[in-house]
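Student: Sending over a structure as structure tokens; questions will come in a sec.
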Number of protein chains: 2
Amino acid sequence: MDKQVFHFTQSSTAFYFNGSFGALKEITDLKNALFITDENLFAAYPKKFTGKRTIVLKAGEKYKTQTTVDKIIAQLIAYGADRTTTLIGVGGGVITDITGYVAAVYMRGIRFGFVPTTILSMVDAAIGGKNGIDVGIYKNMVGTIRQPAFILHDHQLLQTLPQKEWAYGFAEIIKHSCIKDAAMFRLLQGFTIDTIRRDKKTLATLLRQNAQLKLSVVQRDEFEKGERKLLNFGHTLGHAIENRYKLPHGYAVSLGMMYACRLSEQLTGFAQTAQVQQLLQQYGLPVAKKIDLQAAFEVLTKDKKKDGNSIAFILLEKIGTSTIQPIPFRELKKLLASL
Amino acid sequence: MDKQVFHFTQSSTAFYFNGSFGALKEITDLKNALFITDENLFAAYPKKFTGKRTIVLKAGEKYKTQTTVDKIIAQLIAYGADRTTTLIGVGGGVITDITGYVAAVYMRGIRFGFVPTTILSMVDAAIGGKNGIDVGIYKNMVGTIRQPAFILHDHQLLQTLPQKEWAYGFAEIIKHSCIKDAAMFRLLQGFTIDTIRRDKKTLATLLRQNAQLKLSVVQRDEFEKGERKLLNFGHTLGHAIENRYKLPHGYAVSLGMMYACRLSEQLTGFAQTAQVQQLLQQYGLPVAKKIDLQAAFEVLTKDKKKDGNSIAFILLEKIGTSTIQPIPFRELKKLLASL
């Protein structure tokens, strides 16, 4: 398999690009592993889990809660999991977030790895060690930062991914291109979800490039003191509306990027909102929705990224170039009213 | 104040020996701090908490659970706590364990510090970054390792500490002397709880020496790969019986040290059990109790320190010299039957 090792503050992650689920046995001792997945994946790939100790969760963000964590921990104790056990999360961002969190706190930390099964988790959610659960309407209010021992991409698993999940995954790919890579933005302009699904070579290149882009940012700034904040482009307002309106993450981020582009117009003179809007639409992503931005503002005032009386927003200067700007809540309230 | 800074893998802890609660305002911005304490301390020191945002917990190990963590997190959200907030745990080991854990996971980690109010937490529980909560009968089954930004000792707070809590604290001091410091063991032989309470200078020296002993072990081995395991002397069987029989921690550790001495007799030829027993009794600690060791064995088989089919025990070679020995569960079962 195509392996690359990335080093972090306290640990390293072995990354297997273009690997296969079956090769997991070469990476880790499966006899001392416990799998965590959701009911949809467990039903879609019964053979993959045959003979493996597997904890099956209900599918969906609404189960990314402490109640689910409590149930997993009870099962780990019942299975006799100990500090030699490896947890393997197989799924999208909800599964990898919750698996990483449980592994970080069970017995003060056990080994874990991921097999992401969605575009979004392959290029974003499974990478970088952030894990967590939601508390009420507050996304990822509780969690830690801890790196997985390994991440394995198996593109075969994308065959059962619904079309709209492809679009939501591309929201993060478009995000990466907006903040860091104008060339990737231009490449994306030449495709749609349908054409990229058929072009397996370009797809493989994009998945790898995007994972590497995120990994290299995280390597330089694991604990989000600076550069890593750029990855929050579209996520500040995105998170604020996601749980309130029960939107899929990629859907909310697409709207969040549109808001961030329009804030950028006012604050940095950004002048390419139309191009971003066109690309999002080309990939089947939403660019407008009736949203109560004042209610979203109230959620922002409790956001974990806030810093006293202001909150850091990620703005674009031009496509491929982004900047971090703290906006005082007083000013933000006015700006949102003007959108 | 008498300040010393200790450096760890990712952070450092400022240690204030022989300080005063009132000096907290010199250490941290109290306007952006939130206090966590228990109802007993809140009632005993009402003036200390006047004008301070304080979360008051029910007192006792049985509240060191996820349910309490959930309630604290709800209050942090309600107070608008964010990543600039400092949590300050004022109390014994239960309060510092739970404060450290909440601070480690709230918003993926916020700043925190401790004012330990018991001998036990001053010399042990508040030091070293281990935090956590219990799950059923399993002690500290969930937690992380994360260092406090500061620890402040205020000996005045010991004035309201009940006599039996003094004894439980000295269980850990006796532990330190057994594993690392024969001279301290001999010093302890010259005192009782009553005489040491009256000798404030020797007490201050002992509190500082014991905190430093633990800090230097943790500095050398923060994540318990080796030397730090020595601090578990008396804690392996101690933990296994503590929650089952609802024993105070120091009480269980005293019994655990007696068991560990007797295992040491069989495995290392240790020949000073009588001296350890005498010292424990001199400080009002238990040395024998009717315990179902086979039931305790079953708890050990789920202990987080187990490693597959064996568990690391800390044994004494002589007073002041300890060693780590993995004991296979099959052998341990026989050894316990012989005690």
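So you can find residues: chains in the structure tokens are A, B, ... in the order shown, residues in each start at 1, and ligands are numbered from 1 in order.
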Could you name the residues that touch Lys305 of chain A at 12 Å or less, counting only C-alpha atoms, but leaving out those on the same chain fewer than 6 positions away, as a PyMOL selection string?

Tutor: (chain A and resi 138-141+224-225+229+232+235-237+239-240+299+311-314+326-327) or (chain B and resi 81-84+106-110)

Student: Using only C-alpha atoms, what table do you get, as JSON lines, when you list each residue of chain A with an atom no more than 9 Å from chain B, its nearest pair of atoms, and their distance in Å rounded to one decimal, rows by chain then rising number?

Tutor:
```
{"residue": "A:Thr9", "atom": "CA", "partner": "B:Gln10", "partner_atom": "CA", "distance": 8.3}
{"residue": "A:Gln10", "atom": "CA", "partner": "B:Thr9", "partner_atom": "CA", "distance": 8.3}
{"residue": "A:Gln66", "atom": "CA", "partner": "B:Asp70", "partner_atom": "CA", "distance": 8.3}
{"residue": "A:Asp70", "atom": "CA", "partner": "B:Gln66", "partner_atom": "CA", "distance": 8.3}
{"residue": "A:Ile73", "atom": "CA", "partner": "B:Val142", "partner_atom": "CA", "distance": 8.6}
{"residue": "A:Ala74", "atom": "CA", "partner": "B:Val135", "partner_atom": "CA", "distance": 8.4}
{"residue": "A:Ile77", "atom": "CA", "partner": "B:Lys302", "partner_atom": "CA", "distance": 7.2}
{"residue": "A:Ala78", "atom": "CA", "partner": "B:Lys302", "partner_atom": "CA", "distance": 8.9}
{"residue": "A:Gly80", "atom": "CA", "partner": "B:Lys302", "partner_atom": "CA", "distance": 6.0}
{"residue": "A:Ala81", "atom": "CA", "partner": "B:Lys302", "partner_atom": "CA", "distance": 7.9}
{"residue": "A:Asp82", "atom": "CA", "partner": "B:Lys304", "partner_atom": "CA", "distance": 5.7}
{"residue": "A:Arg83", "atom": "CA", "partner": "B:Lys304", "partner_atom": "CA", "distance": 6.4}
{"residue": "A:Thr84", "atom": "CA", "partner": "B:Asp307", "partner_atom": "CA", "distance": 6.3}
{"residue": "A:Thr85", "atom": "CA", "partner": "B:Gly308", "partner_atom": "CA", "distance": 8.8}
{"residue": "A:Val102", "atom": "CA", "partner": "B:Val142", "partner_atom": "CA", "distance": 8.8}
{"residue": "A:Ala104", "atom": "CA", "partner": "B:Thr144", "partner_atom": "CA", "distance": 7.1}
{"residue": "A:Val105", "atom": "CA", "partner": "B:Gly143", "partner_atom": "CA", "distance": 4.8}
{"residue": "A:Tyr106", "atom": "CA", "partner": "B:Val142", "partner_atom": "CA", "distance": 4.7}
{"residue": "A:Met107", "atom": "CA", "partner": "B:Met141", "partner_atom": "CA", "distance": 5.0}
{"residue": "A:Arg108", "atom": "CA", "partner": "B:Thr144", "partner_atom": "CA", "distance": 4.3}
{"residue": "A:Gly109", "atom": "CA", "partner": "B:Thr144", "partner_atom": "CA", "distance": 6.7}
{"residue": "A:Lys130", "atom": "CA", "partner": "B:Arg108", "partner_atom": "CA", "distance": 8.0}
{"residue": "A:Asn131", "atom": "CA", "partner": "B:Arg108", "partner_atom": "CA", "distance": 8.2}
{"residue": "A:Gly132", "atom": "CA", "partner": "B:Arg108", "partner_atom": "CA", "distance": 7.8}
{"residue": "A:Val135", "atom": "CA", "partner": "B:Ala74", "partner_atom": "CA", "distance": 8.4}
{"residue": "A:Asn140", "atom": "CA", "partner": "B:Met107", "partner_atom": "CA", "distance": 7.3}
{"residue": "A:Met141", "atom": "CA", "partner": "B:Met107", "partner_atom": "CA", "distance": 5.0}
{"residue": "A:Val142", "atom": "CA", "partner": "B:Tyr106", "partner_atom": "CA", "distance": 4.7}
{"residue": "A:Gly143", "atom": "CA", "partner": "B:Arg108", "partner_atom": "CA", "distance": 4.6}
{"residue": "A:Thr144", "atom": "CA", "partner": "B:Arg108", "partner_atom": "CA", "distance": 4.3}
{"residue": "A:Ile145", "atom": "CA", "partner": "B:Arg108", "partner_atom": "CA", "distance": 6.6}
{"residue": "A:Thr301", "atom": "CA", "partner": "B:Gly80", "partner_atom": "CA", "distance": 8.0}
{"residue": "A:Lys302", "atom": "CA", "partner": "B:Gly80", "partner_atom": "CA", "distance": 6.0}
{"residue": "A:Asp303", "atom": "CA", "partner": "B:Asp82", "partner_atom": "CA", "distance": 7.6}
{"residue": "A:Lys304", "atom": "CA", "partner": "B:Met107", "partner_atom": "CA", "distance": 5.6}
{"residue": "A:Lys305", "atom": "CA", "partner": "B:Arg83", "partner_atom": "CA", "distance": 7.2}
{"residue": "A:Lys306", "atom": "CA", "partner": "B:Asp82", "partner_atom": "CA", "distance": 6.8}
{"residue": "A:Asp307", "atom": "CA", "partner": "B:Thr84", "partner_atom": "CA", "distance": 6.2}
{"residue": "A:Gly308", "atom": "CA", "partner": "B:Thr84", "partner_atom": "CA", "distance": 6.8}
```

Student: DSSP says alpha helix (DSSP H) for which residues of segment 157-252 of chain A? Put them as a ChimeraX atom specification?

Tutor: /A:163-180,182-189,193-198,200-220,236-242,249-252

Student: Which residue out of B:Lys62, B:Lys71, B:His155, B:Arg244 has the minimum interatomic distance to Leu300 of chain B when only C-alpha atoms are used?

Tutor: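 Among the listed residues, B:Arg244 lies closest to Leu300 of chain B.
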
Student: What does the distance from atom CA of Val90 of chain A to atom CA of Asp124 of chain A come to in Å, to one decimal?

Tutor: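 Distance between the two atoms: 14.6 Å.
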
Student: Residues within 9 Å of Gly129 of chain A, please, as an NGL selection string. Count only C-alpha atoms; anything in the same chain fewer than 4 positions from it doesn't count.

Tutor: :A and (97 or 100 or 125 or 144-148 or 218 or 222)

Student: Store the residues picked out above in a file with N, CA and C atoms, as an mmCIF file, in the first residue's frame.

Tutor:
```cif
data_model
loop_
_atom_site.group_PDB
_atom_site.id
_atom_site.type_symbol
_atom_site.label_atom_id
_atom_site.label_comp_id
_atom_site.auth_asym_id
_atom_site.auth_seq_id
_atom_site.Cartn_x
_atom_site.Cartn_y
_atom_site.Cartn_z
ATOM 1 N N ASP A 97 -15.157 11.089 14.791
ATOM 2 C CA ASP A 97 -15.124 12.015 15.938
ATOM 3 C C ASP A 97 -15.366 11.277 17.251
ATOM 4 N N GLY A 100 -12.493 8.690 18.081
ATOM 5 C CA GLY A 100 -11.297 9.375 18.559
ATOM 6 C C GLY A 100 -11.486 9.878 19.982
ATOM 7 N N ALA A 125 -12.535 15.267 8.084
ATOM 8 C CA ALA A 125 -12.941 14.949 9.457
ATOM 9 C C ALA A 125 -12.026 13.949 10.146
ATOM 10 N N THR A 144 -11.183 16.383 22.488
ATOM 11 C CA THR A 144 -9.754 16.573 22.713
ATOM 12 C C THR A 144 -9.079 16.683 21.345
ATOM 13 N N ILE A 145 -7.770 16.870 21.354
ATOM 14 C CA ILE A 145 -6.985 16.754 20.127
ATOM 15 C C ILE A 145 -5.993 15.618 20.345
ATOM 16 N N ARG A 146 -6.166 14.565 19.586
ATOM 17 C CA ARG A 146 -5.270 13.396 19.727
ATOM 18 C C ARG A 146 -5.213 12.694 18.371
ATOM 19 N N GLN A 147 -4.013 12.374 17.919
ATOM 20 C CA GLN A 147 -3.828 11.858 16.564
ATOM 21 C C GLN A 147 -4.053 10.352 16.492
ATOM 22 N N PRO A 148 -4.747 9.889 15.431
ATOM 23 C CA PRO A 148 -4.890 8.445 15.235
ATOM 24 C C PRO A 148 -3.543 7.817 14.875
ATOM 25 N N VAL A 218 -1.850 20.788 9.802
ATOM 26 C CA VAL A 218 -1.939 20.302 11.190
ATOM 27 C C VAL A 218 -0.546 20.008 11.743
ATOM 28 N N GLU A 222 -0.494 21.952 15.280
ATOM 29 C CA GLU A 222 -1.420 20.916 15.769
ATOM 30 C C GLU A 222 -2.498 21.481 16.685
#
```

Student: Between A:Pro248, A:Gly256, A:Pro286, A:Pro162, which residue has the minimum interatomic distance to Val94 of chain A, considering only C-alpha atoms?

Tutor: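 Of all the options, A:Pro248 lies closest to Val94 of chain A.
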
Student: List every residue of segment 174-320 of chain B that DSSP, applied to the backbone of this structure, places in strand (DSSP E or B), and write the result as JSON, numbers by chain.

Tutor: {"B": [306, 307, 310, 311, 312, 313, 314, 315, 316, 317, 318]}

Student: Have a look at A:Ile119, A:Val253, A:Leu263, A:Ile137 and name the one nearest to Leu157 of chain A; count only C-alpha atoms.

Tutor: A:Ile119

Student: Can you list, as a list in words, every protein, DNA or RNA residue that comes within 7 Å of Phe15 of chain B when you count only C-alpha atoms, leaving out same-chain residues fewer than 5 positions away?

Tutor: Lys3, Gln4, Val5, Phe150, Ile151 and Leu152 of chain B

Student: Could you state the separation of atom CA of Gly51 of chain B and atom CA of Leu87 of chain B in Å, given to one decimal place?

Tutor: 15.4 Å

Student: For Arg197 of chain B, find every residue with an atom within 10 Å (counting only C-alpha atoms), except residues of its own chain fewer than 6 positions away, and show them as an mmCIF file with N, CA, C and O atoms, in the first residue's frame.

Tutor:
```cif
data_model
loop_
_atom_site.group_PDB
_atom_site.id
_atom_site.type_symbol
_atom_site.label_atom_id
_atom_site.label_comp_id
_atom_site.auth_asym_id
_atom_site.auth_seq_id
_atom_site.Cartn_x
_atom_site.Cartn_y
_atom_site.Cartn_z
ATOM 1 N N LEU B 158 -5.870 23.387 55.879
ATOM 2 C CA LEU B 158 -5.841 22.081 56.556
ATOM 3 C C LEU B 158 -6.473 22.133 57.944
ATOM 4 O O LEU B 158 -6.757 21.097 58.537
ATOM 5 N N GLN B 159 -6.690 23.365 58.451
ATOM 6 C CA GLN B 159 -7.227 23.477 59.817
ATOM 7 C C GLN B 159 -8.590 22.811 59.970
ATOM 8 O O GLN B 159 -8.924 22.314 61.034
ATOM 9 N N GLN B 163 -9.579 14.650 61.285
ATOM 10 C CA GLN B 163 -8.427 13.838 61.704
ATOM 11 C C GLN B 163 -8.222 12.618 60.801
ATOM 12 O O GLN B 163 -7.113 12.309 60.393
ATOM 13 N N TRP B 166 -6.440 13.376 57.663
ATOM 14 C CA TRP B 166 -4.990 13.504 57.849
ATOM 15 C C TRP B 166 -4.336 12.135 57.683
ATOM 16 O O TRP B 166 -3.336 11.985 56.988
ATOM 17 N N PHE B 191 7.169 10.406 64.387
ATOM 18 C CA PHE B 191 5.990 11.257 64.586
ATOM 19 C C PHE B 191 4.701 10.435 64.577
ATOM 20 O O PHE B 191 4.696 9.260 64.223
ATOM 21 N N LEU B 203 5.999 19.675 59.166
ATOM 22 C CA LEU B 203 4.869 19.413 58.270
ATOM 23 C C LEU B 203 5.071 20.113 56.923
ATOM 24 O O LEU B 203 4.903 19.497 55.858
ATOM 25 N N ALA B 204 5.445 21.391 56.964
ATOM 26 C CA ALA B 204 5.656 22.141 55.724
ATOM 27 C C ALA B 204 6.752 21.494 54.882
ATOM 28 O O ALA B 204 6.629 21.356 53.660
#
```

Student: Check the smallest atom-to-atom distance from each of B:Gln325, B:Thr99, B:Thr118, B:Ser216 to Leu267 of chain B using only C-alpha atoms, then report the winner.

Tutor: B:Gln325

Student: Just how far from atom CA of Asp292 of chain B is atom CA of His249 of chain B, in Å to one decimal?

Tutor: 17.6 Å
